Amino acid sequence: MDGDRVKLGLRLAVLALLGSLVQPVLMSHVDIAGGAPDLIPLLVMSVALIMGSMSGAVFGFCLGLLVDVALLQTMGVTSLVLLAVGFWVGRARETQDLEGPLAALVSGALATLATVLGFSVLQFLLGVDPPVGGALVRLVLATVVLNALLAVPVHALVRRVVGEGAVAARRRRRGRTTGGLSPLSSSQTGPIVR
Amino acid sequence: MPPDKTVRRRRVALGLLVGLALILLTASFGNAGGIVSSIQRGAQEALAPLQEGASVVLKPVRDLFAWVGDTVDAKGENEELRAQLRDTRRALVEAESAAARAGGEQAMAEFAQAYGLERYRPVEARVVVQSPQVWSSTISVDADASDGVNVGDAVIAASGEGDGGALVGTVTRVTSGTAKITLITDQSSQVGARINQTRIPGVVSTAGAGDPRDLLIRYVPPSEEVEEGMRVVTAGTVGEEGDLPSLFPPLIPIGEITRVEDPGSDTQEIHLEPYADLQRLETVRILTASFNDNR
């Protein structure tokens, strides 16, 4: 493993640690229009947008573990949800070639929605069965809107932390292969030449 | 690396991650004493000093957000507080006259002591972490077993914090340096309660996910008259001697009834708003001792 990759790994680890600290200590206390911003899916979304599906999935898994540890909750739940979110945002980036602030905004909103829905499905599967009403819908909508607004600055910050080197490396990899899980991206269809 | 090999490698890596997450989930779910829980506690103990440090460093930012929110809410809250003050004065007058009727100053002193919580050895603790999840309402505080904190201890808001002395939740987990508190708005929370004015018993639980200002008091007979503005307090232990005691001492204020849906019917729903502002807790008091089995 070369020095750049070690540096990148360390930067991502610090980013995950900061995210898992700032969210419960600061962001969860904020109450705007009945919702609170959630940095966690935004961080996963940004890393996946910059570095691709596998990096997004691994980062989501690790950040989920940190969150579960920090909040002393059932291990694996947040990891499972965030790895799925990281993977699919990364795949969308690889197949659609999303660029610019609008991509971050839309991805941020969708990643937040997917996180809340994924978490809800897992909670129901685990036997949590509280009444669901309009208040929950309002809270989810408020969080999605707040996160959409925060997505652009968070994405810019993550891009800065991760560094342009990671972006360039990802582009080089994409030049060699589409790199997805889909059979459509196998060698029979040939690599995408850019 | 050929693309098909890359795809295969990614599939394996993704499958491993999903499998690992599922293994963790299975091992951790409902198994507080297992090896995964032990590892989690150890990791959390390592994280706790960082969380406390971050909490202290970020307090000014948190206060700024709270100040902005408070300013926006101030007008409506002011009117609400004035109304509460009127109610409290009236209740105090009623209580004083009742005490006077029951035997003068001695009875008054007993009445005051009944609301005193010193006998429950309260320990003050600072809120370090607040859960960001929609489906769970928990906080972590900087107190642990060395302070006398145990699983099952009742937790109230500290004086001067929202409505001081109001019920917040119970301690559900204690690690070195921190204690996890499950709030009364969590889906797993059930509190034995009663409507103070009429002494009708019930059970307070969440009204639904996502609304920290809405609770329900269940199992109140439809024939009983319930009105908006009535106060709900903890019932304490109401069973016979030797029964399992309640986790909560009696007469701790929980909240105030805000509305009754389908009153008098079998499907009536009595909603109440908690007194404690559970989203903006900074310090809490953990009641570390019980007295007379919380009767």
# chains A, B, ... in the order shown; residues from 1 in each chain; ligands from 1
$ closest_atom_pairs --of "chain B" --to "chain A" --cutoff "6 Å" --atoms "only C-alpha atoms" --output "CSV"
residue,atom,partner,partner_atom,distance
B:Pro3,CA,A:Ser187,CA,5.4
B:Asp4,CA,A:Ser186,CA,5.0
B:Val7,CA,A:Leu181,CA,5.2
B:Ala21,CA,A:Gly76,CA,4.6
B:Leu24,CA,A:Gly76,CA,5.1
B:Leu25,CA,A:Gly76,CA,4.5
B:Ser28,CA,A:Thr74,CA,5.7
B:Phe29,CA,A:Thr74,CA,5.6
B:Gln40,CA,A:Val69,CA,5.6
B:Gln44,CA,A:Val69,CA,5.6
B:Ser55,CA,A:Val25,CA,5.6
B:Arg62,CA,A:Leu26,CA,5.9
B:Val129,CA,A:Val25,CA,4.9
B:Gln130,CA,A:Pro24,CA,4.9
B:Ser131,CA,A:Pro24,CA,5.8
B:Pro132,CA,A:Ser28,CA,5.1
B:Gln187,CA,A:Pro130,CA,5.7
B:Gly208,CA,A:Pro131,CA,4.5
B:Ala209,CA,A:Leu136,CA,5.7
B:Gly210,CA,A:Leu136,CA,4.4
B:Asp211,CA,A:Ala135,CA,5.6
$ write_last_selection --atoms "N, CA, C and O atoms" --output "PDB file, in the first residue's frame"
ATOM      1  N   PRO B   3     -11.863  -6.196 -16.115  1.00  0.00           N
ATOM      2  CA  PRO B   3     -13.104  -5.726 -15.496  1.00  0.00           C
ATOM      3  C   PRO B   3     -13.897  -6.817 -14.807  1.00  0.00           C
ATOM      4  O   PRO B   3     -14.438  -6.606 -13.738  1.00  0.00           O
ATOM      5  N   ASP B   4     -13.984  -8.034 -15.418  1.00  0.00           N
ATOM      6  CA  ASP B   4     -14.805  -9.085 -14.788  1.00  0.00           C
ATOM      7  C   ASP B   4     -14.208  -9.520 -13.457  1.00  0.00           C
ATOM      8  O   ASP B   4     -14.920  -9.860 -12.513  1.00  0.00           O
ATOM      9  N   VAL B   7     -15.190  -6.846 -10.991  1.00  0.00           N
ATOM     10  CA  VAL B   7     -16.593  -7.012 -10.591  1.00  0.00           C
ATOM     11  C   VAL B   7     -16.710  -8.117  -9.549  1.00  0.00           C
ATOM     12  O   VAL B   7     -17.387  -7.964  -8.519  1.00  0.00           O
ATOM     13  N   ALA B  21     -22.128  -7.199   8.809  1.00  0.00           N
ATOM     14  CA  ALA B  21     -23.147  -6.357   9.460  1.00  0.00           C
ATOM     15  C   ALA B  21     -24.265  -7.227  10.031  1.00  0.00           C
ATOM     16  O   ALA B  21     -24.731  -6.998  11.163  1.00  0.00           O
ATOM     17  N   LEU B  24     -23.025  -9.061  13.156  1.00  0.00           N
ATOM     18  CA  LEU B  24     -22.988  -8.125  14.291  1.00  0.00           C
ATOM     19  C   LEU B  24     -24.389  -7.880  14.837  1.00  0.00           C
ATOM     20  O   LEU B  24     -24.621  -7.880  16.048  1.00  0.00           O
ATOM     21  N   LEU B  25     -25.307  -7.665  13.905  1.00  0.00           N
ATOM     22  CA  LEU B  25     -26.694  -7.377  14.295  1.00  0.00           C
ATOM     23  C   LEU B  25     -27.287  -8.555  15.069  1.00  0.00           C
ATOM     24  O   LEU B  25     -27.894  -8.385  16.125  1.00  0.00           O
ATOM     25  N   SER B  28     -25.626  -8.922  18.484  1.00  0.00           N
ATOM     26  CA  SER B  28     -25.816  -7.802  19.398  1.00  0.00           C
ATOM     27  C   SER B  28     -27.273  -7.624  19.816  1.00  0.00           C
ATOM     28  O   SER B  28     -27.550  -7.166  20.919  1.00  0.00           O
ATOM     29  N   PHE B  29     -28.219  -7.996  18.936  1.00  0.00           N
ATOM     30  CA  PHE B  29     -29.628  -7.703  19.191  1.00  0.00           C
ATOM     31  C   PHE B  29     -30.148  -8.461  20.420  1.00  0.00           C
ATOM     32  O   PHE B  29     -30.106  -9.678  20.477  1.00  0.00           O
ATOM     33  N   GLN B  40     -18.357  -3.597  22.389  1.00  0.00           N
ATOM     34  CA  GLN B  40     -18.980  -2.287  22.180  1.00  0.00           C
ATOM     35  C   GLN B  40     -18.774  -1.389  23.401  1.00  0.00           C
ATOM     36  O   GLN B  40     -18.452  -0.204  23.267  1.00  0.00           O
ATOM     37  N   GLN B  44     -16.819   2.031  23.468  1.00  0.00           N
ATOM     38  CA  GLN B  44     -17.531   3.234  23.903  1.00  0.00           C
ATOM     39  C   GLN B  44     -16.768   3.935  25.027  1.00  0.00           C
ATOM     40  O   GLN B  44     -16.716   5.169  25.082  1.00  0.00           O
ATOM     41  N   SER B  55     -18.178  17.669  23.483  1.00  0.00           N
ATOM     42  CA  SER B  55     -19.369  18.301  24.051  1.00  0.00           C
ATOM     43  C   SER B  55     -19.027  19.656  24.661  1.00  0.00           C
ATOM     44  O   SER B  55     -19.752  20.638  24.492  1.00  0.00           O
ATOM     45  N   ARG B  62     -23.704  24.975  20.303  1.00  0.00           N
ATOM     46  CA  ARG B  62     -25.017  24.416  20.670  1.00  0.00           C
ATOM     47  C   ARG B  62     -25.881  25.504  21.302  1.00  0.00           C
ATOM     48  O   ARG B  62     -27.064  25.637  21.009  1.00  0.00           O
ATOM     49  N   VAL B 129     -24.248  13.166  24.847  1.00  0.00           N
ATOM     50  CA  VAL B 129     -24.647  12.699  23.515  1.00  0.00           C
ATOM     51  C   VAL B 129     -26.163  12.611  23.432  1.00  0.00           C
ATOM     52  O   VAL B 129     -26.818  12.187  24.382  1.00  0.00           O
ATOM     53  N   GLN B 130     -26.698  13.029  22.306  1.00  0.00           N
ATOM     54  CA  GLN B 130     -28.137  12.867  22.070  1.00  0.00           C
ATOM     55  C   GLN B 130     -28.338  12.041  20.815  1.00  0.00           C
ATOM     56  O   GLN B 130     -27.730  12.321  19.779  1.00  0.00           O
ATOM     57  N   SER B 131     -29.193  11.021  20.900  1.00  0.00           N
ATOM     58  CA  SER B 131     -29.388  10.126  19.760  1.00  0.00           C
ATOM     59  C   SER B 131     -29.982  10.869  18.573  1.00  0.00           C
ATOM     60  O   SER B 131     -30.946  11.604  18.720  1.00  0.00           O
ATOM     61  N   PRO B 132     -29.420  10.667  17.375  1.00  0.00           N
ATOM     62  CA  PRO B 132     -29.979  11.326  16.199  1.00  0.00           C
ATOM     63  C   PRO B 132     -31.068  10.507  15.521  1.00  0.00           C
ATOM     64  O   PRO B 132     -31.598  10.917  14.514  1.00  0.00           O
ATOM     65  N   GLN B 187     -39.846   4.492  22.068  1.00  0.00           N
ATOM     66  CA  GLN B 187     -40.917   3.512  21.837  1.00  0.00           C
ATOM     67  C   GLN B 187     -40.936   2.400  22.878  1.00  0.00           C
ATOM     68  O   GLN B 187     -41.950   1.754  23.073  1.00  0.00           O
ATOM     69  N   GLY B 208     -46.206   8.232  19.181  1.00  0.00           N
ATOM     70  CA  GLY B 208     -45.809   7.877  17.826  1.00  0.00           C
ATOM     71  C   GLY B 208     -44.398   8.320  17.579  1.00  0.00           C
ATOM     72  O   GLY B 208     -43.918   9.243  18.219  1.00  0.00           O
ATOM     73  N   ALA B 209     -43.756   7.665  16.621  1.00  0.00           N
ATOM     74  CA  ALA B 209     -42.367   8.000  16.350  1.00  0.00           C
ATOM     75  C   ALA B 209     -42.275   9.411  15.789  1.00  0.00           C
ATOM     76  O   ALA B 209     -43.130   9.841  15.026  1.00  0.00           O
ATOM     77  N   GLY B 210     -41.244  10.117  16.198  1.00  0.00           N
ATOM     78  CA  GLY B 210     -40.934  11.385  15.552  1.00  0.00           C
ATOM     79  C   GLY B 210     -41.465  12.626  16.226  1.00  0.00           C
ATOM     80  O   GLY B 210     -41.167  13.724  15.788  1.00  0.00           O
ATOM     81  N   ASP B 211     -42.276  12.496  17.289  1.00  0.00           N
ATOM     82  CA  ASP B 211     -42.767  13.705  17.941  1.00  0.00           C
ATOM     83  C   ASP B 211     -42.402  13.692  19.429  1.00  0.00           C
ATOM     84  O   ASP B 211     -43.067  13.050  20.234  1.00  0.00           O
TER      85      ASP B 211
END
$ select_by_dssp --residues "region 26-185 of chain A" --states "alpha helix (DSSP H)" --output "ChimeraX atom specification"
/A:39-51,53-70,77-96,100-125,134-162,164-176
$ residues_around --residues "region 169-181 of chain B" --least-positions-apart "4" --cutoff "7 Å" --atoms "only C-alpha atoms" --output "PyMOL selection string"
chain B and resi 41+45+48+138-145+150-156
$ atom_distance --atom1 "CA of Ala151 (chain A)" --atom2 "CA of Val61 (chain B)"
19.7 Å
$ atom_distance --atom1 "CA of Ala276 (chain B)" --atom2 "CA of Pro253 (chain B)"
9.2 Å
$ atom_distance --atom1 "CA of Gly60 (chain A)" --atom2 "CA of Val89 (chain A)"
10.9 Å
$ residues_around --residues "Val233 (chain B)" --least-positions-apart "4" --cutoff "8 Å" --atoms "only C-alpha atoms" --output "PyMOL selection string"
chain B and resi 193-196+250-255
$ closest_residue --among "A:Leu98, A:Val152, A:Val44, A:Val145" --to "Ala111 (chain A)" --atoms "only C-alpha atoms"
A:Val44
